[in-house]
>>> print(open('upload_14.txt').read())   # compact mmCIF, N, CA and C atoms
# COMPACT_ATOMS: atom_id res chain seq x y z
N MET A 1 36.73 61.95 36.85
CA MET A 1 37.88 61.88 37.71
C MET A 1 37.75 62.99 38.74
N GLU A 2 37.63 62.60 39.97
CA GLU A 2 37.40 63.56 41.03
C GLU A 2 38.74 64.02 41.59
N TRP A 3 38.84 65.31 41.88
CA TRP A 3 40.09 65.88 42.37
C TRP A 3 40.05 65.90 43.90
N GLN A 4 40.69 64.90 44.53
CA GLN A 4 40.77 64.82 45.98
C GLN A 4 42.17 64.37 46.37
N PRO A 5 43.15 65.28 46.37
CA PRO A 5 44.52 64.87 46.65
C PRO A 5 44.82 64.65 48.12
N THR A 6 43.87 64.88 49.02
CA THR A 6 44.13 64.81 50.45
C THR A 6 44.64 63.45 50.88
N SER A 7 43.97 62.37 50.51
CA SER A 7 44.40 61.03 50.90
C SER A 7 45.78 60.72 50.35
N SER A 8 46.04 61.15 49.13
CA SER A 8 47.35 60.91 48.52
C SER A 8 48.44 61.64 49.28
N ARG A 9 48.18 62.90 49.62
CA ARG A 9 49.16 63.69 50.36
C ARG A 9 49.39 63.09 51.75
N GLN A 10 48.32 62.69 52.43
CA GLN A 10 48.44 62.08 53.75
C GLN A 10 49.25 60.79 53.67
N HIS A 11 49.01 60.01 52.65
CA HIS A 11 49.74 58.75 52.46
C HIS A 11 51.23 59.03 52.27
N LEU A 12 51.56 60.04 51.47
CA LEU A 12 52.97 60.40 51.26
C LEU A 12 53.61 60.92 52.54
N GLU A 13 52.89 61.75 53.29
CA GLU A 13 53.42 62.31 54.53
C GLU A 13 53.68 61.23 55.57
N ALA A 14 52.92 60.13 55.49
CA ALA A 14 53.11 59.02 56.42
C ALA A 14 54.26 58.12 55.98
N GLY A 15 54.93 58.48 54.88
CA GLY A 15 56.08 57.71 54.42
C GLY A 15 55.77 56.69 53.35
N GLY A 16 54.55 56.63 52.90
CA GLY A 16 54.18 55.68 51.86
C GLY A 16 54.49 56.21 50.48
N ALA A 17 54.59 55.31 49.53
CA ALA A 17 54.78 55.68 48.12
C ALA A 17 53.44 55.54 47.42
N LEU A 18 53.22 56.42 46.46
CA LEU A 18 51.95 56.34 45.72
C LEU A 18 51.99 55.20 44.72
N PRO A 19 50.99 54.31 44.77
CA PRO A 19 50.92 53.23 43.78
C PRO A 19 50.45 53.79 42.43
N THR A 20 50.76 53.06 41.37
CA THR A 20 50.36 53.54 40.04
C THR A 20 49.34 52.63 39.37
N SER A 21 48.91 51.58 40.02
CA SER A 21 47.90 50.71 39.42
C SER A 21 46.75 50.49 40.40
N ALA A 22 45.57 50.31 39.86
CA ALA A 22 44.37 50.14 40.67
C ALA A 22 44.50 48.95 41.60
N GLY A 23 44.04 49.13 42.84
CA GLY A 23 44.06 48.06 43.82
C GLY A 23 45.39 47.88 44.53
N ALA A 24 46.39 48.67 44.15
CA ALA A 24 47.73 48.50 44.72
C ALA A 24 47.89 49.19 46.07
N GLY A 25 47.01 50.10 46.41
CA GLY A 25 47.12 50.77 47.70
C GLY A 25 45.83 51.47 48.06
N VAL A 26 45.33 51.22 49.26
CA VAL A 26 44.10 51.85 49.73
C VAL A 26 44.42 52.62 50.99
N HIS A 27 44.00 53.88 51.04
CA HIS A 27 44.22 54.73 52.21
C HIS A 27 42.88 55.34 52.57
N GLN A 28 42.43 55.11 53.80
CA GLN A 28 41.14 55.61 54.28
C GLN A 28 40.00 55.29 53.33
N GLY A 29 40.02 54.06 52.82
CA GLY A 29 38.96 53.58 51.95
C GLY A 29 39.05 54.04 50.51
N GLU A 30 40.07 54.82 50.16
CA GLU A 30 40.22 55.31 48.79
C GLU A 30 41.32 54.52 48.09
N ASP A 31 41.02 54.06 46.89
CA ASP A 31 42.00 53.32 46.09
C ASP A 31 42.96 54.32 45.47
N LEU A 32 44.11 54.49 46.10
CA LEU A 32 45.08 55.48 45.64
C LEU A 32 45.66 55.13 44.27
N GLY A 33 45.87 53.85 44.04
CA GLY A 33 46.42 53.44 42.75
C GLY A 33 45.48 53.81 41.61
N ARG A 34 44.20 53.60 41.82
CA ARG A 34 43.21 53.97 40.80
C ARG A 34 43.18 55.47 40.60
N TRP A 35 43.24 56.22 41.69
CA TRP A 35 43.22 57.68 41.62
C TRP A 35 44.45 58.20 40.86
N VAL A 36 45.62 57.69 41.20
CA VAL A 36 46.86 58.12 40.54
C VAL A 36 46.82 57.75 39.06
N ARG A 37 46.44 56.53 38.76
CA ARG A 37 46.39 56.09 37.36
C ARG A 37 45.41 56.95 36.55
N GLY A 38 44.25 57.23 37.12
CA GLY A 38 43.26 58.05 36.44
C GLY A 38 43.79 59.45 36.14
N HIS A 39 44.53 60.03 37.07
CA HIS A 39 45.09 61.36 36.86
C HIS A 39 46.24 61.33 35.86
N ARG A 40 47.04 60.28 35.88
CA ARG A 40 48.13 60.17 34.90
C ARG A 40 47.57 60.02 33.49
N LEU A 41 46.54 59.18 33.33
CA LEU A 41 45.96 58.96 32.00
C LEU A 41 45.10 60.14 31.55
N GLY A 42 44.50 60.85 32.49
CA GLY A 42 43.64 61.98 32.14
C GLY A 42 44.33 63.32 32.33
N TRP A 43 45.63 63.34 32.20
CA TRP A 43 46.44 64.54 32.46
C TRP A 43 45.91 65.77 31.72
N GLY A 44 45.55 65.61 30.49
CA GLY A 44 45.08 66.74 29.68
C GLY A 44 43.78 67.34 30.18
N LYS A 45 43.04 66.62 30.99
CA LYS A 45 41.77 67.12 31.51
C LYS A 45 41.95 67.89 32.82
N LEU A 46 43.15 67.83 33.39
CA LEU A 46 43.42 68.56 34.64
C LEU A 46 43.70 70.02 34.33
N THR A 47 43.39 70.87 35.30
CA THR A 47 43.73 72.29 35.15
C THR A 47 45.24 72.44 35.32
N GLY A 48 45.74 73.59 34.96
CA GLY A 48 47.17 73.86 35.11
C GLY A 48 47.61 73.74 36.56
N VAL A 49 46.79 74.25 37.49
CA VAL A 49 47.11 74.18 38.91
C VAL A 49 47.14 72.72 39.38
N GLN A 50 46.16 71.92 38.91
CA GLN A 50 46.12 70.51 39.30
C GLN A 50 47.34 69.77 38.76
N GLN A 51 47.73 70.06 37.53
CA GLN A 51 48.92 69.44 36.95
C GLN A 51 50.15 69.81 37.78
N TRP A 52 50.26 71.08 38.15
CA TRP A 52 51.41 71.53 38.94
C TRP A 52 51.44 70.82 40.28
N MET A 53 50.27 70.74 40.94
CA MET A 53 50.20 70.06 42.24
C MET A 53 50.57 68.59 42.11
N CYS A 54 50.08 67.94 41.06
CA CYS A 54 50.41 66.53 40.87
C CYS A 54 51.92 66.35 40.73
N GLU A 55 52.52 67.16 39.89
CA GLU A 55 53.97 67.02 39.63
C GLU A 55 54.82 67.43 40.82
N HIS A 56 54.57 68.62 41.38
CA HIS A 56 55.48 69.19 42.38
C HIS A 56 55.17 68.81 43.82
N ILE A 57 53.95 68.51 44.12
CA ILE A 57 53.58 68.17 45.49
C ILE A 57 53.50 66.65 45.67
N LEU A 58 52.82 65.98 44.70
CA LEU A 58 52.58 64.54 44.84
C LEU A 58 53.58 63.68 44.07
N GLY A 59 54.33 64.27 43.16
CA GLY A 59 55.30 63.49 42.37
C GLY A 59 54.67 62.64 41.28
N ILE A 60 53.49 63.04 40.82
CA ILE A 60 52.77 62.29 39.78
C ILE A 60 53.06 62.96 38.44
N GLU A 61 53.42 62.17 37.45
CA GLU A 61 53.69 62.70 36.11
C GLU A 61 52.68 62.13 35.13
N PRO A 62 52.50 62.81 33.98
CA PRO A 62 51.56 62.28 32.98
C PRO A 62 52.02 60.93 32.45
N ALA A 63 51.07 60.12 32.05
CA ALA A 63 51.38 58.80 31.49
C ALA A 63 52.09 58.96 30.15
N ALA A 64 53.07 58.09 29.91
CA ALA A 64 53.75 58.07 28.62
C ALA A 64 52.81 57.46 27.58
N GLU A 65 53.06 57.74 26.32
CA GLU A 65 52.18 57.23 25.25
C GLU A 65 52.06 55.71 25.29
N ASP A 66 53.14 55.00 25.60
CA ASP A 66 53.08 53.53 25.60
C ASP A 66 52.34 52.97 26.81
N GLU A 67 52.02 53.81 27.80
CA GLU A 67 51.27 53.38 28.97
C GLU A 67 49.76 53.53 28.77
N LYS A 68 49.39 54.36 27.80
CA LYS A 68 47.97 54.62 27.58
C LYS A 68 47.30 53.41 26.96
N PRO A 69 46.07 53.11 27.37
CA PRO A 69 45.38 51.94 26.83
C PRO A 69 45.09 52.11 25.35
N ARG A 70 45.08 50.97 24.64
CA ARG A 70 44.74 50.99 23.22
C ARG A 70 43.29 51.42 23.06
N PRO A 71 43.00 52.12 22.00
CA PRO A 71 41.60 52.51 21.79
C PRO A 71 40.75 51.28 21.52
N ARG A 72 39.54 51.30 22.02
CA ARG A 72 38.63 50.19 21.78
C ARG A 72 37.93 50.39 20.46
N HIS A 73 37.72 49.30 19.79
CA HIS A 73 36.99 49.34 18.53
C HIS A 73 35.64 48.70 18.77
N THR A 74 34.69 49.53 19.15
CA THR A 74 33.38 48.98 19.46
C THR A 74 32.50 48.86 18.23
N GLN A 75 32.70 49.75 17.27
CA GLN A 75 31.92 49.69 16.05
C GLN A 75 32.82 49.25 14.91
N PRO A 76 32.42 48.25 14.16
CA PRO A 76 33.25 47.87 13.03
C PRO A 76 33.26 48.96 11.98
N THR A 77 34.36 49.03 11.23
CA THR A 77 34.40 50.02 10.17
C THR A 77 33.31 49.68 9.18
N SER A 78 32.84 50.65 8.43
CA SER A 78 31.62 50.51 7.63
C SER A 78 31.63 49.32 6.69
N GLY A 79 32.72 49.00 6.04
CA GLY A 79 32.73 47.91 5.09
C GLY A 79 33.07 46.56 5.69
N LEU A 80 33.46 46.53 6.96
CA LEU A 80 33.89 45.28 7.58
C LEU A 80 32.83 44.19 7.59
N PRO A 81 31.58 44.47 7.98
CA PRO A 81 30.60 43.38 7.98
C PRO A 81 30.40 42.76 6.60
N ASN A 82 30.26 43.61 5.58
CA ASN A 82 30.05 43.09 4.23
C ASN A 82 31.26 42.29 3.77
N LEU A 83 32.45 42.81 4.02
CA LEU A 83 33.67 42.12 3.60
C LEU A 83 33.80 40.78 4.31
N THR A 84 33.56 40.76 5.60
CA THR A 84 33.67 39.52 6.38
C THR A 84 32.64 38.50 5.91
N ALA A 85 31.41 38.96 5.67
CA ALA A 85 30.36 38.05 5.19
C ALA A 85 30.72 37.51 3.80
N ALA A 86 31.24 38.37 2.93
CA ALA A 86 31.62 37.94 1.59
C ALA A 86 32.74 36.91 1.64
N GLN A 87 33.72 37.13 2.51
CA GLN A 87 34.82 36.17 2.66
C GLN A 87 34.31 34.84 3.20
N TYR A 88 33.41 34.90 4.17
CA TYR A 88 32.83 33.68 4.73
C TYR A 88 32.09 32.92 3.63
N TYR A 89 31.31 33.66 2.80
CA TYR A 89 30.56 33.04 1.72
C TYR A 89 31.50 32.38 0.71
N GLN A 90 32.61 33.04 0.38
CA GLN A 90 33.57 32.46 -0.56
C GLN A 90 34.19 31.18 -0.02
N CYS A 91 34.48 31.16 1.26
CA CYS A 91 35.10 29.97 1.87
C CYS A 91 34.10 28.83 2.07
N GLU A 92 32.91 29.17 2.54
CA GLU A 92 31.93 28.15 2.93
C GLU A 92 30.86 27.88 1.88
N GLY A 93 30.64 28.82 0.96
CA GLY A 93 29.63 28.64 -0.06
C GLY A 93 28.22 28.96 0.40
N HIS A 94 28.08 29.53 1.58
CA HIS A 94 26.76 29.90 2.12
C HIS A 94 26.93 30.93 3.22
N LEU A 95 25.82 31.52 3.61
CA LEU A 95 25.82 32.42 4.76
C LEU A 95 24.89 31.90 5.85
N ASN A 96 24.82 30.60 5.99
CA ASN A 96 24.08 29.99 7.09
C ASN A 96 25.03 29.94 8.29
N VAL A 97 25.32 31.09 8.84
CA VAL A 97 26.31 31.23 9.90
C VAL A 97 25.66 30.99 11.25
N PRO A 98 26.23 30.11 12.07
CA PRO A 98 25.68 29.92 13.42
C PRO A 98 25.71 31.25 14.19
N ARG A 99 24.68 31.52 14.95
CA ARG A 99 24.57 32.81 15.64
C ARG A 99 25.78 33.13 16.50
N LYS A 100 26.43 32.17 17.09
CA LYS A 100 27.56 32.42 17.98
C LYS A 100 28.91 32.46 17.26
N HIS A 101 28.90 32.35 15.93
CA HIS A 101 30.15 32.32 15.17
C HIS A 101 30.86 33.67 15.22
N VAL A 102 32.17 33.64 15.50
CA VAL A 102 33.00 34.84 15.58
C VAL A 102 34.14 34.72 14.58
N GLU A 103 34.37 35.75 13.81
CA GLU A 103 35.48 35.81 12.86
C GLU A 103 36.54 36.76 13.40
N THR A 104 37.81 36.37 13.30
CA THR A 104 38.90 37.27 13.65
C THR A 104 39.37 37.94 12.38
N VAL A 105 39.33 39.26 12.36
CA VAL A 105 39.72 40.04 11.18
C VAL A 105 40.67 41.14 11.60
N LEU A 106 41.44 41.64 10.64
CA LEU A 106 42.33 42.76 10.89
C LEU A 106 41.64 44.06 10.50
N SER A 107 41.71 45.06 11.38
CA SER A 107 41.14 46.36 11.06
C SER A 107 42.10 47.10 10.13
N GLU A 108 41.65 48.25 9.65
CA GLU A 108 42.46 49.04 8.73
C GLU A 108 43.76 49.49 9.37
N ASP A 109 43.78 49.66 10.70
CA ASP A 109 45.00 50.11 11.36
C ASP A 109 45.80 48.95 11.97
N GLY A 110 45.48 47.71 11.60
CA GLY A 110 46.27 46.56 11.98
C GLY A 110 45.88 45.86 13.26
N TRP A 111 44.81 46.27 13.93
CA TRP A 111 44.36 45.62 15.15
C TRP A 111 43.55 44.37 14.80
N GLU A 112 43.68 43.34 15.60
CA GLU A 112 42.83 42.16 15.44
C GLU A 112 41.49 42.44 16.09
N LEU A 113 40.43 42.23 15.35
CA LEU A 113 39.08 42.43 15.87
C LEU A 113 38.33 41.11 15.88
N GLN A 114 37.53 40.92 16.89
CA GLN A 114 36.66 39.76 16.96
C GLN A 114 35.28 40.23 16.49
N PHE A 115 34.92 39.86 15.26
CA PHE A 115 33.65 40.29 14.69
C PHE A 115 32.64 39.17 14.81
N ARG A 116 31.51 39.46 15.45
CA ARG A 116 30.47 38.45 15.68
C ARG A 116 29.61 38.34 14.43
N LEU A 117 30.13 37.62 13.46
CA LEU A 117 29.48 37.50 12.15
C LEU A 117 28.12 36.83 12.26
N GLY A 118 28.02 35.78 13.07
CA GLY A 118 26.75 35.07 13.19
C GLY A 118 25.63 35.96 13.71
N ALA A 119 25.93 36.75 14.73
CA ALA A 119 24.93 37.67 15.27
C ALA A 119 24.58 38.74 14.24
N TRP A 120 25.60 39.22 13.51
CA TRP A 120 25.36 40.26 12.50
C TRP A 120 24.43 39.73 11.39
N VAL A 121 24.70 38.53 10.89
CA VAL A 121 23.86 37.93 9.83
C VAL A 121 22.43 37.75 10.35
N SER A 122 22.31 37.22 11.55
CA SER A 122 20.99 37.02 12.13
C SER A 122 20.23 38.34 12.28
N ASN A 123 20.93 39.37 12.74
CA ASN A 123 20.30 40.68 12.90
C ASN A 123 19.86 41.26 11.55
N GLN A 124 20.66 41.08 10.52
CA GLN A 124 20.28 41.60 9.21
C GLN A 124 19.02 40.91 8.70
N ARG A 125 18.95 39.60 8.90
CA ARG A 125 17.76 38.86 8.47
C ARG A 125 16.52 39.32 9.23
N SER A 126 16.66 39.54 10.53
CA SER A 126 15.50 39.93 11.33
C SER A 126 15.04 41.35 11.00
N ARG A 127 15.92 42.16 10.44
CA ARG A 127 15.57 43.55 10.08
C ARG A 127 15.23 43.70 8.60
N ALA A 128 15.06 42.62 7.91
CA ALA A 128 14.86 42.66 6.45
C ALA A 128 13.72 43.59 6.04
N THR A 129 12.65 43.63 6.81
CA THR A 129 11.51 44.47 6.41
C THR A 129 11.80 45.96 6.56
N THR A 130 12.81 46.31 7.34
CA THR A 130 13.11 47.73 7.54
C THR A 130 14.31 48.20 6.72
N LEU A 131 15.00 47.27 6.05
CA LEU A 131 16.17 47.64 5.26
C LEU A 131 15.74 48.24 3.93
N SER A 132 16.58 49.14 3.43
CA SER A 132 16.28 49.75 2.13
C SER A 132 16.50 48.72 1.03
N PRO A 133 15.87 48.91 -0.12
CA PRO A 133 16.08 47.99 -1.25
C PRO A 133 17.57 47.93 -1.67
N GLU A 134 18.27 49.06 -1.56
CA GLU A 134 19.70 49.07 -1.89
C GLU A 134 20.48 48.17 -0.94
N ARG A 135 20.16 48.26 0.35
CA ARG A 135 20.86 47.45 1.35
C ARG A 135 20.54 45.97 1.13
N ILE A 136 19.31 45.65 0.86
CA ILE A 136 18.94 44.25 0.59
C ILE A 136 19.70 43.76 -0.64
N GLY A 137 19.82 44.60 -1.66
CA GLY A 137 20.58 44.24 -2.86
C GLY A 137 22.05 43.99 -2.56
N GLN A 138 22.64 44.85 -1.73
CA GLN A 138 24.04 44.68 -1.34
C GLN A 138 24.24 43.34 -0.63
N LEU A 139 23.38 43.06 0.33
CA LEU A 139 23.51 41.82 1.10
C LEU A 139 23.21 40.60 0.25
N SER A 140 22.24 40.71 -0.62
CA SER A 140 21.93 39.60 -1.53
C SER A 140 23.10 39.29 -2.44
N SER A 141 23.81 40.34 -2.87
CA SER A 141 24.94 40.16 -3.78
C SER A 141 26.12 39.43 -3.12
N ILE A 142 26.17 39.41 -1.79
CA ILE A 142 27.24 38.66 -1.12
C ILE A 142 26.75 37.32 -0.58
N GLY A 143 25.55 36.90 -1.01
CA GLY A 143 25.09 35.56 -0.66
C GLY A 143 24.07 35.46 0.45
N MET A 144 23.50 36.57 0.88
CA MET A 144 22.51 36.54 1.95
C MET A 144 21.22 35.90 1.42
N ARG A 145 20.71 34.93 2.19
CA ARG A 145 19.39 34.35 1.92
C ARG A 145 18.46 34.87 2.97
N TRP A 146 17.27 35.28 2.56
CA TRP A 146 16.37 35.96 3.48
C TRP A 146 15.34 35.03 4.13
N THR A 147 15.35 33.77 3.76
CA THR A 147 14.40 32.83 4.39
C THR A 147 15.14 31.66 4.98
>>> encode(input="upload_14.txt", output="structure tokens")
Amino acid sequence: MEWQPTSSRQHLEAGGALPTSAGAGVHQGEDLGRWVRGHRLGWGKLTGVQQWMCEHILGIEPAAEDEKPRPRHTQPTSGLPNLTAAQYYQCEGHLNVPRKHVETVLSEDGWELQFRLGAWVSNQRSRATTLSPERIGQLSSIGMRWT
């Protein structure tokens, strides 16, 4: 997040209001909405002087907790793949999962996750020669076939 309040100040001095969402206002080629939103969401990363300037000069306040984006869950929790595969095996009686198959599961904190079970199963099979005997045993116990 780059600190360049000049365009924002010029926009305010010209009688404009600062937008709070990306793409809502462009001044001299700078997306003011994106700049304001970035500073509101990244408030804790600003110096004390920058926070003061945002509040008292530009009228920008930190984002409320309900405005902050939900955290992304890019990595499944450690037991999620095994649990999802085991549930699929119980329902279907096999782990011949199509590569593009996606399961919707709830994370430990209640978020719905889209878990790409088919890709995960395929990846495990392709890595069989590099997996530890313990890991192969775990996967075999939930119905994984290696051929």
>>> residues_around(input="upload_14.txt", residues="His39 in chain A", least_positions_apart="5", cutoff="8 Å", atoms="only N, CA and C atoms", output="list in words")
Met1, Glu2, Gly33, Arg34, Gly44, Lys45, Leu46, Ile60, Glu61, Pro62 and Ala63 of chain A
>>> select_by_dssp(input="upload_14.txt", residues="range 37-126 of chain A", states="alpha helix (DSSP H)", output="compact mmCIF listing (two decimals) with N, CA and C atoms, keeping the file's coordinate frame")
# COMPACT_ATOMS: atom_id res chain seq x y z
N ARG A 37 46.44 56.53 38.76
CA ARG A 37 46.39 56.09 37.36
C ARG A 37 45.41 56.95 36.55
N GLY A 38 44.25 57.23 37.12
CA GLY A 38 43.26 58.05 36.44
C GLY A 38 43.79 59.45 36.14
N HIS A 39 44.53 60.03 37.07
CA HIS A 39 45.09 61.36 36.86
C HIS A 39 46.24 61.33 35.86
N ARG A 40 47.04 60.28 35.88
CA ARG A 40 48.13 60.17 34.90
C ARG A 40 47.57 60.02 33.49
N LEU A 41 46.54 59.18 33.33
CA LEU A 41 45.96 58.96 32.00
C LEU A 41 45.10 60.14 31.55
N GLY A 48 45.74 73.59 34.96
CA GLY A 48 47.17 73.86 35.11
C GLY A 48 47.61 73.74 36.56
N VAL A 49 46.79 74.25 37.49
CA VAL A 49 47.11 74.18 38.91
C VAL A 49 47.14 72.72 39.38
N GLN A 50 46.16 71.92 38.91
CA GLN A 50 46.12 70.51 39.30
C GLN A 50 47.34 69.77 38.76
N GLN A 51 47.73 70.06 37.53
CA GLN A 51 48.92 69.44 36.95
C GLN A 51 50.15 69.81 37.78
N TRP A 52 50.26 71.08 38.15
CA TRP A 52 51.41 71.53 38.94
C TRP A 52 51.44 70.82 40.28
N MET A 53 50.27 70.74 40.94
CA MET A 53 50.20 70.06 42.24
C MET A 53 50.57 68.59 42.11
N LEU A 80 33.46 46.53 6.96
CA LEU A 80 33.89 45.28 7.58
C LEU A 80 32.83 44.19 7.59
N PRO A 81 31.58 44.47 7.98
CA PRO A 81 30.60 43.38 7.98
C PRO A 81 30.40 42.76 6.60
N ASN A 82 30.26 43.61 5.58
CA ASN A 82 30.05 43.09 4.23
C ASN A 82 31.26 42.29 3.77
N LEU A 83 32.45 42.81 4.02
CA LEU A 83 33.67 42.12 3.60
C LEU A 83 33.80 40.78 4.31
N THR A 84 33.56 40.76 5.60
CA THR A 84 33.67 39.52 6.38
C THR A 84 32.64 38.50 5.91
N ALA A 85 31.41 38.96 5.67
CA ALA A 85 30.36 38.05 5.19
C ALA A 85 30.72 37.51 3.80
N ALA A 86 31.24 38.37 2.93
CA ALA A 86 31.62 37.94 1.59
C ALA A 86 32.74 36.91 1.64
N GLN A 87 33.72 37.13 2.51
CA GLN A 87 34.82 36.17 2.66
C GLN A 87 34.31 34.84 3.20
N TYR A 88 33.41 34.90 4.17
CA TYR A 88 32.83 33.68 4.73
C TYR A 88 32.09 32.92 3.63
N TYR A 89 31.31 33.66 2.80
CA TYR A 89 30.56 33.04 1.72
C TYR A 89 31.50 32.38 0.71
N GLN A 90 32.61 33.04 0.38
CA GLN A 90 33.57 32.46 -0.56
C GLN A 90 34.19 31.18 -0.02
N CYS A 91 34.48 31.16 1.26
CA CYS A 91 35.10 29.97 1.87
C CYS A 91 34.10 28.83 2.07
N GLU A 92 32.91 29.17 2.54
CA GLU A 92 31.93 28.15 2.93
C GLU A 92 30.86 27.88 1.88
N LEU A 117 30.13 37.62 13.46
CA LEU A 117 29.48 37.50 12.15
C LEU A 117 28.12 36.83 12.26
N GLY A 118 28.02 35.78 13.07
CA GLY A 118 26.75 35.07 13.19
C GLY A 118 25.63 35.96 13.71
N ALA A 119 25.93 36.75 14.73
CA ALA A 119 24.93 37.67 15.27
C ALA A 119 24.58 38.74 14.24
N TRP A 120 25.60 39.22 13.51
CA TRP A 120 25.36 40.26 12.50
C TRP A 120 24.43 39.73 11.39
N VAL A 121 24.70 38.53 10.89
CA VAL A 121 23.86 37.93 9.83
C VAL A 121 22.43 37.75 10.35
N SER A 122 22.31 37.22 11.55
CA SER A 122 20.99 37.02 12.13
C SER A 122 20.23 38.34 12.28
N ASN A 123 20.93 39.37 12.74
CA ASN A 123 20.30 40.68 12.90
C ASN A 123 19.86 41.26 11.55
N GLN A 124 20.66 41.08 10.52
CA GLN A 124 20.28 41.60 9.21
C GLN A 124 19.02 40.91 8.70
N ARG A 125 18.95 39.60 8.90
CA ARG A 125 17.76 38.86 8.47
C ARG A 125 16.52 39.32 9.23
N SER A 126 16.66 39.54 10.53
CA SER A 126 15.50 39.93 11.33
C SER A 126 15.04 41.35 11.00
>>> residues_around(input="upload_14.txt", residues="range 112-125 of chain A", least_positions_apart="4", cutoff="6 Å", atoms="only C-alpha atoms", output="list in words")
Val97, Pro98, Arg99, Lys100, His101, Val102, Glu103, Thr104, Val105, Leu106 and Trp146 of chain A
>>> atom_distance(input="upload_14.txt", atom1="CA of Gly79 in chain A", atom2="atom C of Glu108 in chain A")
11.9 Å
>>> atom_distance(input="upload_14.txt", atom1="atom N of Leu41 in chain A", atom2="atom C of Asp66 in chain A")
10.7 Å
>>> atom_distance(input="upload_14.txt", atom1="CA of Arg40 in chain A", atom2="CA of Trp111 in chain A")
24.8 Å
>>> closest_atom_pairs(input="upload_14.txt", of="range 27-124 of chain A", to="range 140-143 of chain A", cutoff="7 Å", atoms="only N, CA and C atoms", output="CSV")
residue,atom,partner,partner_atom,distance
A:Ala85,C,A:Ile142,C,5.9
A:Ala86,CA,A:Ile142,CA,5.2
A:Tyr89,CA,A:Ile142,C,6.2
A:His94,C,A:Gly143,C,6.0
A:Leu95,N,A:Gly143,C,5.3
